[in-house]
Amino acid sequence: MQKYLSLTENTDFQRAYHRGKSCARPALVVYSNKNRVGVCRVGITTSKKIGNAVERNRSRRVIRAAFRAVSEEYTFKGNLDFVFVARSKTKYLKTEKVRLAMVECLREVGAIE
RNA sequence: UGAGUGAGCCGGGCAGUUGCGGGUUUCAUUUUGAAACGUGAGGAAAGUCCGAGCUUCAUACAGCAGGGUAACGGUUAACGACCGCCGAGGGCGACCUUAGGGAAAGUGCAACAGAAAUAAACCGCCGCAUUUUUGCGGUAAGGAUGGAAAGGCGAGGUAAGAGCUCACCGGCGCACAGGAGACUGUGCGGCCAUGUAAACCCUACCCGAAGCAACACCGAUAGGAUAUGAUACGUCAGCUGGGCGAAAACCGACGGGUGGCUUGAGCCUCGGAGCAAUCCGCGGCCUAGAUAGAUAAUUGCCUUAAAAGACAGAACUCGGCUUACAGGCUCACUCAUUUU
RNA sequence: CCGGGUGUGGCGCAGCUUGGUAGCGCGCUUGACUGGGGGUCAAGAGGCCGCAGGUUCAAGUCCUGUCACUCGGA
């Protein structure tokens, strides 16, 4: 499995929010933006609105596991930055449901076939 | 059987597959990659309310200001924590609560009501004078107010009264006895003291400051400074004093990296000392260390009525306190009822 | 990690230092002036002062704990 870098800079997140394509589902929100780094990068946002530290960690882990499954199943078109934003429902969902929602969103923004 | 009090404990367990962080070993290897083994959140990790370790700032200053604590004895590295005990208050009881020094060092405050609030004469009572209505004097027993009216209550006493005198009770002082001490008990004296110090204050004791984003080293980048002054600058935070450091290739800056980073006032078993907190000894064990931050998905079995369903995520490390918490377990004790 | 601030009628704020009566503006209700509206005037309702405990005769105010929001520094 290929390694993916993490998004760390705040400017990268802002660029994804403003210029990238987006798609929203009750499970999560996906932003996608082209980059020039040469590899795909991933950022996960869990705001304080989601809940306390345990609930934020839970949401982040579910999204990370879902993305891992997606990246093994599909190949991305070009080098892209992804930002996944957790919503208040995410912490109650199983990984499989989040994976299905993620596939739908990624297909809509044109990242996968 | 019912009601209750106190103390302690658990917070599902075992095994498998895929995947993730750290470690060790082996192999390949410039970076790094692969395999195997082993390991990977809590009782509160939380709040950050106290106390320490550690590091730096003068090898670790002084005074003032400021802050904290407050019966007594002990435990502890230390504490405002804990244990024991005394006093006070509450409960039928097991037991619980308690910032619990000083109000005769001084200052302030006590609204409204009431005659009067820390010193007092409105009504009443008594005596004397008198134009019969008032004046002067004595008096805190009685009256209404108030949280509080100047020790309480009874007897003597008196013109009327008053600790003025006496008995009992309460408070204070002294002596003796007991105790490690706070204090308790007994006897004697004498009647002077309203409350408030979580009001200022006084007394005793304690406190230098900042915090792992500390700090040390490496690295790249752009910049400042341009000369010998005991001045700028830096430094123990507030004020004053006094001192120290530092200089020609140096200074501070920094979204970088490495260390700091987990063996520690550590955990477990057994024995001993102590009412207890806790301490001592023998033996055994190594148990997260990330740096945008690692625990997810799923299967089977067991315990169970049912495997779910609480509160909640380490961030330098410890000791406490406080707060949140589904469901349950153990021990000791009290009261009531019934039976023997 | 360290250190501040705020919480009071529906909304925005005083009152806390020096403890005894909880007030101001906007809004709300009723009435009057007007043919009606707006506006003005008059009257009124609406508060256990974030929560719990303590000190005190008495607490919005003082003390302790706690909850929520918010600001600043490294």
# chains A, B, ... in the order shown; residues from 1 in each chain; ligands from 1
>>> select_by_dssp(residues="chain A", states="strand (DSSP E or B)", output="number ranges by chain")
A: 5-6, 21-24, 28-34, 41-45, 80-86
>>> select_by_dssp(residues="range 15-50 of chain A", states="alpha helix (DSSP H)", output="PyMOL selection string")
chain A and resi 15-19
>>> write_last_selection(atoms="C-alpha atoms", output="PDB file, in the first residue's frame")
ATOM      1  CA  ARG A  15      -6.794  26.374  -0.308  1.00  0.00           C
ATOM      2  CA  ALA A  16      -8.843  23.171  -0.281  1.00  0.00           C
ATOM      3  CA  TYR A  17     -11.849  24.922   1.231  1.00  0.00           C
ATOM      4  CA  HIS A  18     -11.787  27.837  -1.213  1.00  0.00           C
ATOM      5  CA  ARG A  19     -10.613  26.343  -4.526  1.00  0.00           C
TER       6      ARG A  19
END
>>> closest_residue(among="B:A105, B:A296, B:C9, B:C95", to="Glu96 in chain A", atoms="only C-alpha atoms (C1' of nucleotides)")
B:A296
>>> interface_residues(of="chain B", to="chain A", cutoff="8 Å", atoms="only C-alpha atoms (C1' of nucleotides)", output="ChimeraX atom specification")
/B:292,296-297,312-313
>>> write_last_selection(atoms="N, CA and C atoms (P, O5', C5', C4', C3', O3' and C1' of nucleotides)", output="mmCIF file, in the first residue's frame")
data_model
loop_
_atom_site.group_PDB
_atom_site.id
_atom_site.type_symbol
_atom_site.label_atom_id
_atom_site.label_comp_id
_atom_site.auth_asym_id
_atom_site.auth_seq_id
_atom_site.Cartn_x
_atom_site.Cartn_y
_atom_site.Cartn_z
ATOM 1 P P A B 292 3.762 16.572 13.962
ATOM 2 O "O5'" A B 292 2.177 16.508 13.853
ATOM 3 C "C5'" A B 292 1.469 15.490 14.540
ATOM 4 C "C4'" A B 292 -0.003 15.553 14.212
ATOM 5 C "C3'" A B 292 -0.318 15.555 12.730
ATOM 6 O "O3'" A B 292 -1.474 14.761 12.487
ATOM 7 C "C1'" A B 292 -1.220 17.486 13.754
ATOM 8 P P A B 296 -10.494 1.459 18.950
ATOM 9 O "O5'" A B 296 -11.263 1.450 17.547
ATOM 10 C "C5'" A B 296 -11.259 2.594 16.706
ATOM 11 C "C4'" A B 296 -11.228 2.181 15.251
ATOM 12 C "C3'" A B 296 -12.087 0.977 14.891
ATOM 13 O "O3'" A B 296 -13.442 1.345 14.697
ATOM 14 C "C1'" A B 296 -9.937 0.707 13.961
ATOM 15 P P A B 297 -14.634 0.293 15.047
ATOM 16 O "O5'" A B 297 -14.491 -0.792 13.900
ATOM 17 C "C5'" A B 297 -14.770 -0.459 12.546
ATOM 18 C "C4'" A B 297 -14.461 -1.622 11.624
ATOM 19 C "C3'" A B 297 -15.099 -2.950 12.009
ATOM 20 O "O3'" A B 297 -16.465 -3.040 11.634
ATOM 21 C "C1'" A B 297 -12.835 -3.298 11.440
ATOM 22 P P A B 312 -18.385 13.188 30.117
ATOM 23 O "O5'" A B 312 -16.829 13.101 30.358
ATOM 24 C "C5'" A B 312 -15.936 12.823 29.306
ATOM 25 C "C4'" A B 312 -14.831 11.928 29.790
ATOM 26 C "C3'" A B 312 -13.624 11.844 28.868
ATOM 27 O "O3'" A B 312 -12.726 12.911 29.125
ATOM 28 C "C1'" A B 312 -14.262 9.673 29.572
ATOM 29 P P G B 313 -12.069 13.776 27.915
ATOM 30 O "O5'" G B 313 -10.627 13.128 27.757
ATOM 31 C "C5'" G B 313 -10.432 11.987 26.957
ATOM 32 C "C4'" G B 313 -9.113 11.368 27.257
ATOM 33 C "C3'" G B 313 -7.927 12.079 26.593
ATOM 34 O "O3'" G B 313 -6.797 11.983 27.422
ATOM 35 C "C1'" G B 313 -8.106 9.880 25.771
#
>>> residues_around(residues="range 33-47 of chain C", least_positions_apart="3", cutoff="9 Å", atoms="only C-alpha atoms (C1' of nucleotides)", output="PyMOL selection string")
chain C and resi 8-9+22+28-30
